[in-house]
$ cat structure.cif   # mmCIF, C-alpha atoms
data_upload
loop_
_atom_site.label_atom_id
_atom_site.label_comp_id
_atom_site.auth_asym_id
_atom_site.auth_seq_id
_atom_site.Cartn_x
_atom_site.Cartn_y
_atom_site.Cartn_z
CA MET A 12 95.90 66.27 171.59
CA GLU A 13 96.79 68.46 168.64
CA MET A 14 100.28 67.80 167.32
CA GLU A 15 102.41 70.60 165.95
CA TYR A 16 105.06 70.39 163.25
CA ILE A 17 108.17 72.54 163.09
CA LEU A 18 108.76 74.21 159.74
CA LEU A 19 111.93 76.03 158.77
CA GLU A 20 111.38 79.60 157.66
CA SER A 21 111.54 80.15 153.92
CA THR A 22 112.32 83.55 152.45
CA SER A 23 110.90 82.80 148.99
CA PRO A 24 107.98 80.37 149.09
CA GLN A 25 107.73 78.15 146.05
CA LYS A 26 104.79 78.72 143.76
CA VAL A 27 103.03 75.82 142.13
CA CYS A 28 100.64 75.76 139.19
CA HIS A 29 98.11 72.98 139.58
CA SER A 30 94.60 72.62 138.17
CA GLN A 31 94.70 76.18 136.77
CA THR A 32 95.33 77.73 140.20
CA GLN A 33 98.48 79.29 141.60
CA THR A 34 98.97 78.88 145.32
CA ASP A 35 101.67 78.87 147.94
CA VAL A 36 103.17 75.39 148.11
CA LEU A 37 102.86 75.32 151.91
CA LYS A 38 99.46 76.91 152.38
CA PRO A 39 96.88 74.45 150.98
CA LEU A 40 98.12 71.28 152.69
CA LEU A 41 99.02 72.47 156.17
CA GLY A 42 97.46 74.82 158.68
CA SER A 43 98.30 78.48 158.97
CA CYS A 44 101.75 79.40 160.27
CA SER A 45 102.15 81.31 163.48
CA SER A 46 104.12 84.53 163.47
CA GLY A 47 107.67 84.43 164.66
CA GLY A 48 111.13 83.48 163.63
CA GLY A 49 110.32 79.82 163.00
CA GLY A 50 106.92 78.94 161.60
CA THR A 51 104.85 76.32 163.39
CA LEU A 52 102.50 74.18 161.33
CA ARG A 53 99.30 72.72 162.68
CA ARG A 54 97.68 69.48 161.64
CA ARG A 55 97.35 68.89 157.95
CA ARG A 56 94.06 69.71 156.28
CA ARG A 57 92.13 66.63 155.30
CA VAL A 58 90.98 65.94 151.77
CA LEU A 59 88.68 63.26 153.16
CA SER A 60 87.20 63.29 156.65
CA LYS A 61 87.28 60.28 158.94
CA ASP A 62 83.67 59.42 158.06
CA GLY A 63 84.43 59.49 154.33
CA ARG A 64 83.02 62.90 153.44
CA SER A 65 84.84 64.99 150.85
CA ASN A 66 86.31 68.29 152.04
CA VAL A 67 86.85 69.59 148.50
CA ARG A 68 84.86 72.67 147.50
CA ILE A 69 84.07 73.20 143.82
CA GLU A 70 84.09 76.80 142.59
CA HIS A 71 83.93 78.89 139.41
CA ILE A 72 82.05 76.40 137.20
CA SER A 73 80.50 78.15 134.21
CA GLY A 74 76.94 77.03 133.55
CA ARG A 75 76.79 74.93 136.68
CA GLY A 76 73.03 75.28 137.05
CA ALA A 77 72.41 74.21 133.44
CA LEU A 78 74.64 71.18 133.90
CA TYR A 79 72.74 70.14 137.00
CA MET A 80 69.37 70.64 135.30
CA ARG A 81 70.38 68.35 132.45
CA ASP A 82 70.92 65.57 134.97
CA LEU A 83 67.81 66.04 137.10
CA TRP A 84 67.87 62.50 138.44
CA THR A 85 71.30 62.83 140.07
CA THR A 86 70.48 66.36 141.20
CA PHE A 87 67.37 65.14 143.01
CA LEU A 88 69.24 62.21 144.56
CA ASP A 89 72.04 64.43 145.88
CA MET A 90 69.57 66.95 147.26
CA GLN A 91 69.25 67.12 151.04
CA TRP A 92 66.06 65.82 152.60
CA ARG A 93 64.72 69.20 153.74
CA TYR A 94 65.01 70.64 150.22
CA LYS A 95 63.55 67.47 148.79
CA PHE A 96 60.43 67.66 151.00
CA PHE A 97 60.03 71.35 150.18
CA LEU A 98 60.30 70.66 146.45
CA PHE A 99 57.87 67.75 146.79
CA THR A 100 55.26 69.98 148.46
CA ALA A 101 55.85 72.92 146.13
CA THR A 102 55.53 70.72 143.03
CA PHE A 103 52.14 69.33 143.98
CA ALA A 104 50.75 72.62 145.26
CA GLY A 105 52.06 74.41 142.18
CA THR A 106 50.48 71.97 139.72
CA TRP A 107 47.17 72.09 141.60
CA PHE A 108 47.12 75.87 141.38
CA LEU A 109 48.36 76.02 137.77
CA PHE A 110 45.70 73.66 136.43
CA GLY A 111 43.14 75.34 138.70
CA VAL A 112 43.81 78.58 136.82
CA LEU A 113 43.41 76.76 133.49
CA TRP A 114 40.08 75.28 134.63
CA TYR A 115 38.97 78.74 135.73
CA LEU A 116 39.82 80.10 132.26
CA VAL A 117 37.78 77.34 130.60
CA ALA A 118 34.78 78.25 132.78
CA LEU A 119 35.37 81.94 132.07
CA VAL A 120 35.36 81.46 128.31
CA HIS A 121 32.29 79.22 128.41
CA GLY A 122 30.37 81.60 130.69
CA ASP A 123 30.01 79.26 133.66
CA LEU A 124 31.01 81.74 136.38
CA LEU A 125 28.56 83.31 138.84
CA GLU A 126 29.13 86.85 137.56
CA PHE A 127 27.70 85.85 134.18
CA ASP A 128 24.44 84.73 135.87
CA PRO A 129 23.98 81.71 133.58
CA PRO A 130 20.35 80.59 132.89
CA SER A 131 18.85 77.57 134.56
CA ASN A 132 19.11 75.45 131.41
CA HIS A 133 22.86 76.29 130.95
CA THR A 134 25.18 73.26 130.87
CA PRO A 135 28.62 74.15 132.25
CA CYS A 136 31.92 72.48 131.31
CA VAL A 137 32.35 71.37 134.91
CA MET A 138 29.46 71.03 137.27
CA GLN A 139 29.56 73.09 140.50
CA MET A 140 32.69 75.05 139.45
CA GLN A 141 31.75 78.70 139.39
CA THR A 142 34.62 80.38 141.32
CA MET A 143 38.43 80.30 141.46
CA THR A 144 38.24 78.35 144.68
CA GLY A 145 36.01 75.79 143.04
CA ALA A 146 38.42 75.52 140.10
CA PHE A 147 41.35 74.91 142.49
CA LEU A 148 39.41 72.24 144.38
CA PHE A 149 38.41 70.52 141.13
CA SER A 150 42.05 70.50 140.00
CA LEU A 151 43.11 68.97 143.33
CA GLU A 152 40.35 66.33 143.21
CA THR A 153 41.21 65.45 139.62
CA GLN A 154 44.94 65.07 140.21
CA THR A 155 44.55 63.07 143.41
CA THR A 156 41.55 61.11 142.05
CA ILE A 157 39.46 61.92 145.13
CA GLY A 158 36.14 62.43 143.37
CA TYR A 159 33.73 63.82 146.01
CA GLY A 160 30.79 63.40 143.63
CA PHE A 161 29.28 66.82 142.97
CA ARG A 162 32.07 68.29 140.78
CA CYS A 163 32.42 66.47 137.50
CA ILE A 164 33.22 67.21 133.89
CA THR A 165 30.46 67.22 131.26
CA GLU A 166 30.36 66.53 127.54
CA GLU A 167 29.68 70.20 126.76
CA CYS A 168 33.31 71.37 126.27
CA PRO A 169 35.89 69.44 124.17
CA ALA A 170 38.58 71.81 125.48
CA ALA A 171 37.82 70.70 129.03
CA ILE A 172 38.19 67.05 128.05
CA ILE A 173 41.58 67.75 126.45
CA LEU A 174 42.69 69.71 129.54
CA LEU A 175 41.65 66.81 131.78
CA ILE A 176 43.75 64.38 129.76
CA LEU A 177 46.80 66.71 129.82
CA GLN A 178 46.57 67.20 133.57
CA LEU A 179 46.38 63.47 134.27
CA VAL A 180 49.32 62.61 131.96
CA ILE A 181 51.63 65.43 133.06
CA THR A 182 51.00 65.07 136.77
CA MET A 183 51.33 61.27 136.61
CA VAL A 184 54.77 61.57 135.02
CA MET A 185 55.82 64.06 137.71
CA GLU A 186 54.54 61.83 140.50
CA ILE A 187 56.42 58.83 139.10
CA PHE A 188 59.66 60.83 138.90
CA ILE A 189 59.39 62.29 142.39
CA THR A 190 58.35 58.99 143.96
CA GLY A 191 61.21 57.22 142.16
CA THR A 192 63.77 59.70 143.52
CA PHE A 193 62.41 59.19 147.04
CA LEU A 194 62.72 55.43 146.78
CA ALA A 195 66.15 55.59 145.16
CA LYS A 196 67.44 57.95 147.86
CA VAL A 197 66.13 55.72 150.63
CA ALA A 198 67.54 52.57 149.00
CA ARG A 199 71.02 53.98 148.40
CA PRO A 200 73.74 51.89 150.09
CA LYS A 201 75.16 55.00 151.76
CA LYS A 202 73.55 54.14 155.09
CA ARG A 203 74.78 50.56 154.76
CA GLY A 204 78.30 51.92 154.62
CA GLU A 205 77.84 53.50 158.04
CA THR A 206 77.72 50.01 159.55
CA VAL A 207 81.24 49.27 158.25
CA LYS A 208 83.81 50.39 160.77
CA PHE A 209 87.46 51.33 160.28
CA SER A 210 89.93 51.54 163.14
CA GLN A 211 90.59 55.05 164.38
CA HIS A 212 94.34 54.55 164.03
CA ALA A 213 96.57 52.64 161.70
CA VAL A 214 99.56 50.83 163.19
CA VAL A 215 102.95 49.71 161.93
CA SER A 216 104.41 46.50 163.28
CA THR A 217 106.63 43.68 162.08
CA TYR A 218 104.95 40.89 160.11
CA ASP A 219 106.97 38.14 158.40
CA GLY A 220 110.14 40.04 159.21
CA ARG A 221 109.08 43.23 157.45
CA PRO A 222 107.34 46.39 158.70
CA CYS A 223 103.69 46.44 157.72
CA LEU A 224 101.09 49.17 157.86
CA MET A 225 97.89 47.68 159.31
CA ILE A 226 94.29 48.82 159.54
CA ARG A 227 91.31 47.03 160.99
CA VAL A 228 87.92 46.75 159.23
CA ALA A 229 84.69 45.25 160.59
CA ASN A 230 81.17 44.65 159.35
CA MET A 231 78.71 45.43 162.15
CA ARG A 232 75.75 43.70 160.51
CA LYS A 233 75.01 40.01 160.12
CA SER A 234 74.22 40.50 156.42
CA LEU A 235 77.39 39.88 154.45
CA LEU A 236 79.34 42.14 152.13
CA LEU A 237 80.37 40.32 148.96
CA GLY A 238 83.49 40.89 146.91
CA CYS A 239 85.25 43.20 149.36
CA GLN A 240 88.18 45.14 147.91
CA VAL A 241 90.35 47.42 150.06
CA THR A 242 92.65 49.87 148.31
CA GLY A 243 94.71 52.81 149.50
CA LYS A 244 95.74 56.13 147.99
CA LEU A 245 98.60 58.20 149.34
CA LEU A 246 98.11 61.92 148.75
CA GLN A 247 101.20 64.08 149.02
CA SER A 248 103.12 66.73 147.13
CA SER A 249 105.71 65.53 144.67
CA LEU A 250 108.28 67.19 142.44
CA THR A 251 108.59 66.06 138.83
CA LYS A 252 111.79 65.91 136.83
CA GLU A 253 110.73 69.08 135.06
CA GLY A 254 110.60 70.93 138.38
CA GLU A 255 106.81 71.09 138.62
CA THR A 256 105.19 70.50 141.98
CA VAL A 257 102.12 68.28 141.85
CA ARG A 258 99.85 69.36 144.67
CA LEU A 259 97.99 66.12 145.48
CA ASP A 260 99.88 63.34 143.81
CA GLN A 261 98.04 60.02 144.18
CA ARG A 262 100.05 56.85 144.68
CA ASN A 263 98.66 53.37 145.13
CA VAL A 264 98.98 51.69 148.51
CA PRO A 265 97.88 48.04 148.08
CA PHE A 266 96.36 46.20 151.04
CA GLN A 267 95.91 42.49 151.50
CA VAL A 268 94.79 39.88 154.00
CA ASP A 269 97.28 37.08 154.63
CA MET A 270 98.70 36.10 151.22
CA SER A 271 95.79 37.28 149.09
CA SER A 272 93.98 40.56 148.46
CA ASP A 273 91.07 39.03 146.50
CA SER A 274 87.60 39.17 148.07
CA PRO A 275 88.23 38.60 151.79
CA PHE A 276 85.38 37.08 153.78
CA LEU A 277 84.36 39.94 156.06
CA ILE A 278 82.32 37.97 158.58
CA LEU A 279 84.70 38.84 161.44
CA PRO A 280 86.85 41.94 162.00
CA LEU A 281 89.85 41.64 159.69
CA THR A 282 93.26 43.27 159.69
CA PHE A 283 94.42 44.46 156.30
CA TYR A 284 98.12 45.18 155.92
CA HIS A 285 100.43 46.88 153.47
CA THR A 286 104.03 45.70 153.34
CA ILE A 287 106.45 48.61 153.48
CA ASP A 288 109.30 47.71 151.14
CA ASP A 289 111.32 49.46 148.48
CA SER A 290 108.30 49.70 146.19
CA SER A 291 106.05 51.22 148.85
CA PRO A 292 105.31 54.96 148.64
CA LEU A 293 105.80 55.05 152.43
CA ARG A 294 109.42 53.91 152.27
CA ALA A 295 110.91 57.40 152.90
CA TRP A 296 108.63 57.90 155.88
CA ALA A 297 109.39 54.42 157.23
CA ALA A 298 113.14 54.84 156.76
CA LYS A 299 113.07 57.37 159.60
CA GLY A 300 111.02 55.14 161.84
CA GLY A 301 107.67 56.75 161.11
CA GLY A 302 109.03 60.22 161.68
CA TRP A 303 105.76 62.11 161.44
CA THR A 304 107.37 65.09 163.17
CA ASP A 305 109.39 65.71 160.00
CA PRO A 306 107.30 68.33 158.10
CA GLU A 307 108.49 67.09 154.71
CA LEU A 308 107.96 63.37 155.23
CA ALA A 309 104.77 63.76 157.28
CA ASP A 310 102.98 65.97 154.77
CA PHE A 311 100.69 63.25 153.40
CA GLU A 312 97.24 61.73 153.83
CA LEU A 313 96.41 58.06 153.45
CA LEU A 314 92.97 57.37 151.98
CA VAL A 315 91.53 53.88 152.50
CA ILE A 316 88.63 52.79 150.30
CA MET A 317 86.62 49.61 150.62
CA SER A 318 84.22 48.56 147.85
CA ALA A 319 81.76 45.72 148.28
CA THR A 320 78.37 44.43 147.18
CA VAL A 321 75.50 44.47 149.67
CA GLU A 322 74.05 40.97 149.82
CA PRO A 323 70.31 41.77 150.34
CA THR A 324 70.10 44.43 147.57
CA SER A 325 73.08 43.59 145.30
CA ALA A 326 73.95 47.29 145.34
CA THR A 327 77.56 48.42 145.27
CA CYS A 328 78.72 50.03 148.51
CA GLN A 329 81.85 52.10 149.04
CA VAL A 330 83.22 53.09 152.44
CA ARG A 331 86.06 55.57 152.88
CA THR A 332 88.26 56.95 155.61
CA SER A 333 91.61 58.69 155.90
CA TYR A 334 94.65 58.68 158.17
CA LEU A 335 97.02 61.54 158.84
CA PRO A 336 100.65 60.86 159.81
CA ASP A 337 99.96 61.37 163.52
CA GLU A 338 97.17 58.77 163.28
CA ILE A 339 99.61 56.09 162.13
CA LEU A 340 101.29 54.62 165.21
CA TRP A 341 104.77 53.20 164.69
CA GLY A 342 105.60 50.18 166.82
CA TYR A 343 102.03 49.30 167.82
CA GLU A 344 99.69 46.43 167.03
CA PHE A 345 96.01 45.58 167.38
CA PRO A 346 94.98 43.33 170.26
CA PRO A 347 92.67 40.37 169.53
CA VAL A 348 88.94 41.12 169.36
CA VAL A 349 87.61 37.64 168.54
CA SER A 350 87.11 35.08 171.31
CA LEU A 351 85.23 31.83 171.84
CA SER A 352 82.23 31.89 174.17
CA PRO A 353 81.42 29.01 176.56
CA SER A 354 78.57 28.00 174.24
CA GLY A 355 81.02 27.55 171.37
CA LYS A 356 80.20 30.71 169.41
CA TYR A 357 82.70 33.24 168.12
CA VAL A 358 82.32 36.65 169.76
CA ALA A 359 83.67 39.91 168.31
CA ASP A 360 84.19 42.36 171.18
CA PHE A 361 84.20 45.88 169.73
CA ALA A 362 85.40 47.31 173.03
CA PHE A 363 88.90 46.33 171.85
CA PHE A 364 88.40 47.32 168.22
CA ASP A 365 90.10 50.74 168.39
CA LYS A 366 92.62 49.83 171.09
CA VAL A 367 96.30 49.37 170.31
CA ALA A 368 99.17 47.81 172.19
CA LYS A 369 102.89 48.48 172.13
CA THR A 370 104.88 45.83 170.27
CA LYS A 371 107.73 43.97 171.96
CA SER A 372 110.18 45.02 169.26
CA THR A 373 110.18 48.20 167.23
CA PRO A 374 109.83 47.57 163.48
CA VAL A 375 112.87 48.55 161.41
CA PHE A 376 112.73 49.37 157.72
CA LYS A 377 115.62 47.87 155.76
CA THR A 378 116.22 48.71 152.15
CA THR A 379 116.68 45.82 149.73
CA SER A 380 117.63 47.84 146.69
CA HIS A 381 120.98 46.05 146.42
CA ARG A 382 119.16 42.90 145.32
CA SER A 383 118.34 44.51 142.03
CA SER A 384 121.99 44.20 141.07
CA TYR A 385 121.65 40.42 140.83
CA GLN A 386 120.08 38.42 138.10
CA SER A 387 116.94 36.44 138.76
CA ASN A 388 118.37 33.12 137.62
CA GLY A 389 121.15 32.70 140.12
CA GLY A 390 122.11 35.90 141.83
CA GLY A 391 124.93 36.81 139.42
CA ALA A 392 125.88 40.31 138.48
CA MET A 393 123.33 42.17 136.44
CA SER A 394 124.27 42.39 132.80
CA GLU A 395 124.26 45.69 130.99
CA GLY A 396 120.95 46.58 129.37
CA ALA A 397 118.91 44.57 131.90
CA ASP A 398 115.82 46.24 133.25
CA PRO A 399 116.25 46.85 137.03
CA GLU A 400 112.50 47.16 137.55
CA LYS A 401 111.85 43.79 135.91
CA ILE A 402 114.56 42.13 138.01
CA ARG A 403 113.16 43.67 141.19
CA LEU A 404 109.68 42.32 140.42
CA GLU A 405 111.05 38.86 139.69
CA GLN A 406 112.92 38.90 142.99
CA SER A 407 109.73 39.95 144.80
CA TYR A 408 107.72 37.10 143.26
CA ARG A 409 110.48 34.63 144.18
CA GLU A 410 110.42 35.79 147.82
CA ARG A 411 106.65 35.40 147.95
CA GLY A 412 106.97 31.87 146.60
CA GLU A 413 109.50 31.02 149.27
CA ASP A 414 107.19 32.48 151.93
CA ARG A 415 104.32 30.31 150.70
CA GLY A 416 106.55 27.21 150.82
CA SER A 417 107.70 27.92 154.33
CA ARG A 418 104.11 28.45 155.48
CA ALA A 419 103.01 25.20 153.88
CA ARG A 420 105.64 23.34 155.88
CA ASP A 421 104.39 24.90 159.08
CA SER A 422 101.51 22.63 160.06
CA SER A 423 101.02 23.87 163.61
CA PRO A 424 97.25 23.83 164.36
CA LEU A 425 97.58 26.61 166.94
CA SER A 426 98.88 29.26 164.52
CA VAL A 427 96.43 32.14 164.10
CA ARG A 428 96.49 34.55 161.15
CA ILE A 429 96.77 38.19 162.03
CA SER A 430 93.68 38.94 159.96
CA ASN A 431 91.56 36.84 162.28
CA VAL A 432 92.47 38.62 165.51
#

$ encode --input "structure.cif" --output "structure tokens"
Amino acid sequence: MEMEYILLESTSPQKVCHSQTQTDVLKPLLGSCSSGGGGTLRRRRRVLSKDGRSNVRIEHISGRGALYMRDLWTTFLDMQWRYKFFLFTATFAGTWFLFGVLWYLVALVHGDLLEFDPPSNHTPCVMQMQTMTGAFLFSLETQTTIGYGFRCITEECPAAIILLILQLVITMVMEIFITGTFLAKVARPKKRGETVKFSQHAVVSTYDGRPCLMIRVANMRKSLLLGCQVTGKLLQSSLTKEGETVRLDQRNVPFQVDMSSDSPFLILPLTFYHTIDDSSPLRAWAAKGGGWTDPELADFELLVIMSATVEPTSATCQVRTSYLPDEILWGYEFPPVVSLSPSGKYVADFAFFDKVAKTKSTPVFKTTSHRSSYQSNGGGAMSEGADPEKIRLEQSYRERGEDRGSRARDSSPLSVRISNV
């Protein structure tokens, strides 16, 4: 169901200069406004689609064709398959015809054609090549090394020998390049990324007493992904101190599994979470309880990027998706998807992968900015000249240390991490 945002009418829309373009501050990010006293905004335009495709169109690049021709390898790899097959066919047919014309000219100069009525003791440059059709067939047989047996080059013409060498060298280089691009395009890890699944929705629930933004990621193949790294980027408009509006300001949204974000073992579906605290770029949105109906707070897009190494090929794979504010569910959690079969094997049931459940208690965002007024050594008043940012980081590290100590004391064997359900 399409959600609609209510936008207050503005008599003088703010103009913003960004990336050498001047646009209405409201127009690029949100849908068109309906006519009437109060404008109604539709869903926000995506920078990145749910399947990871970019929705950015590049325009007005001077010398774009020349730039692409300088990097032919990347141009051929990015080319769609239908154009690639057409270019493959046109390249071979074109070289066959081009060298066929050259062979015809050699026969023309040497007097081997039928219209010259050569004598019976005349030795041609190429046997049985007396027409344009014969020259084309000889070029094709030479380049493909077919060799039917009755068309062959003789020792009569040095120019023909040089032309034969040039054709073999040039066409061999072209075949190597085209074949290499085919293999490289087939072996790209792009298709491998399609077997990595993100949850359709992100949820916000309470974890360790704090609201956490959670997403679920799963590898749908038995082959492992090594060195997985999940990062997030929050795209939204921001206003600088100089009064300039940055159209798509990117802010880091770190994700982690349990107490570590380093190389999770993605053998089962995992839940990655981002703690929403005072340092989170989502703190203003969370302070209103995930108020995505607020047009100012809900005007953002969360990009989630996972980078990993494919085990069979050692190629680097990157999978992307995005979440709009109405795709982030406040007060929901993911149900378990991993169970134990009667035979003793772990089973990941993807029927529950995209399902969410209402939490028993609604998460509440509480600011902890007052802690920055205390020193890190004992909680005393902050002295003048102290760096508040440094003190806040020290306090955060101390809290994480206390959390680790409390978890170490909890030796219950039935406790299950949220990343494993």

$ residues_near_point --input "structure.cif" --point "(86.4, 43.0, 165.8)" --cutoff "8 Å" --atoms "only C-alpha atoms" --output "count of residues only"
15

$ closest_residue --input "structure.cif" --among "A:Val358, A:Ala213, A:Leu335, A:Met183" --to "Thr155 in chain A" --atoms "all atoms listed in the file"
A:Met183

$ closest_residue --input "structure.cif" --among "A:Ser131, A:Thr86, A:Thr206, A:Thr192" --to "Ser234 in chain A" --atoms "all atoms listed in the file"
A:Thr206

$ atom_distance --input "structure.cif" --atom1 "CA of Asn263 in chain A" --atom2 "CA of Ile278 in chain A"
26.2 Å

$ resolve_selection --input "structure.cif" --expression "the PyMOL selection byres ((chain A and resi 65-70) around 12)" --output "PyMOL selection string"
chain A and resi 30+32+39+56-64+71-75+314+331-333

$ write_last_selection --input "structure.cif" --atoms "C-alpha atoms" --output "PDB file, keeping the file's coordinate frame"
ATOM      1  CA  SER A  30      94.600  72.620 138.170  1.00  0.00           C
ATOM      2  CA  THR A  32      95.330  77.730 140.200  1.00  0.00           C
ATOM      3  CA  PRO A  39      96.880  74.450 150.980  1.00  0.00           C
ATOM      4  CA  ARG A  56      94.060  69.710 156.280  1.00  0.00           C
ATOM      5  CA  ARG A  57      92.130  66.630 155.300  1.00  0.00           C
ATOM      6  CA  VAL A  58      90.980  65.940 151.770  1.00  0.00           C
ATOM      7  CA  LEU A  59      88.680  63.260 153.160  1.00  0.00           C
ATOM      8  CA  SER A  60      87.200  63.290 156.650  1.00  0.00           C
ATOM      9  CA  LYS A  61      87.280  60.280 158.940  1.00  0.00           C
ATOM     10  CA  ASP A  62      83.670  59.420 158.060  1.00  0.00           C
ATOM     11  CA  GLY A  63      84.430  59.490 154.330  1.00  0.00           C
ATOM     12  CA  ARG A  64      83.020  62.900 153.440  1.00  0.00           C
ATOM     13  CA  HIS A  71      83.930  78.890 139.410  1.00  0.00           C
ATOM     14  CA  ILE A  72      82.050  76.400 137.200  1.00  0.00           C
ATOM     15  CA  SER A  73      80.500  78.150 134.210  1.00  0.00           C
ATOM     16  CA  GLY A  74      76.940  77.030 133.550  1.00  0.00           C
ATOM     17  CA  ARG A  75      76.790  74.930 136.680  1.00  0.00           C
ATOM     18  CA  LEU A 314      92.970  57.370 151.980  1.00  0.00           C
ATOM     19  CA  ARG A 331      86.060  55.570 152.880  1.00  0.00           C
ATOM     20  CA  THR A 332      88.260  56.950 155.610  1.00  0.00           C
ATOM     21  CA  SER A 333      91.610  58.690 155.900  1.00  0.00           C
TER      22      SER A 333
END

$ axis_aligned_box --input "structure.cif" --around "range 280-294 of chain A" --padding-each-side "6 Å" --output "lines of an AutoDock Vina configuration file"
center_x = 99.1
center_y = 48.3
center_z = 154.1
size_x = 36.5
size_y = 25.4
size_z = 27.8

$ closest_residue --input "structure.cif" --among "A:Ser291, A:Leu340, A:Ser350, A:Gly220" --to "Val375 in chain A" --atoms "all atoms listed in the file"
A:Gly220

$ resolve_selection --input "structure.cif" --expression "the PyMOL selection byres ((chain A and resi 211) around 8)" --output "list of chain:residue names"
A:Phe209, A:Ser210, A:His212, A:Ala213, A:Glu338, A:Asp365

$ closest_residue --input "structure.cif" --among "A:Thr165, A:Ser352, A:Thr106, A:Thr282" --to "Cys223 in chain A" --atoms "all atoms listed in the file"
A:Thr282

$ closest_residue --input "structure.cif" --among "A:Glu344, A:Asp337, A:Asp123, A:Asp89" --to "Val197 in chain A" --atoms "all atoms listed in the file"
A:Asp89

$ closest_residue --input "structure.cif" --among "A:Leu245, A:Leu151, A:Leu259, A:Leu224" --to "Tyr343 in chain A" --atoms "only C-alpha atoms"
A:Leu224

$ residues_around --input "structure.cif" --residues "Pro374 in chain A" --least-positions-apart "6" --cutoff "7 Å" --atoms "all atoms listed in the file" --output "ChimeraX atom specification"
/A:216-217,222,342

$ residues_around --input "structure.cif" --residues "Leu236 in chain A" --least-positions-apart "3" --cutoff "7 Å" --atoms "only C-alpha atoms" --output "PyMOL selection string"
chain A and resi 239+277+319-322
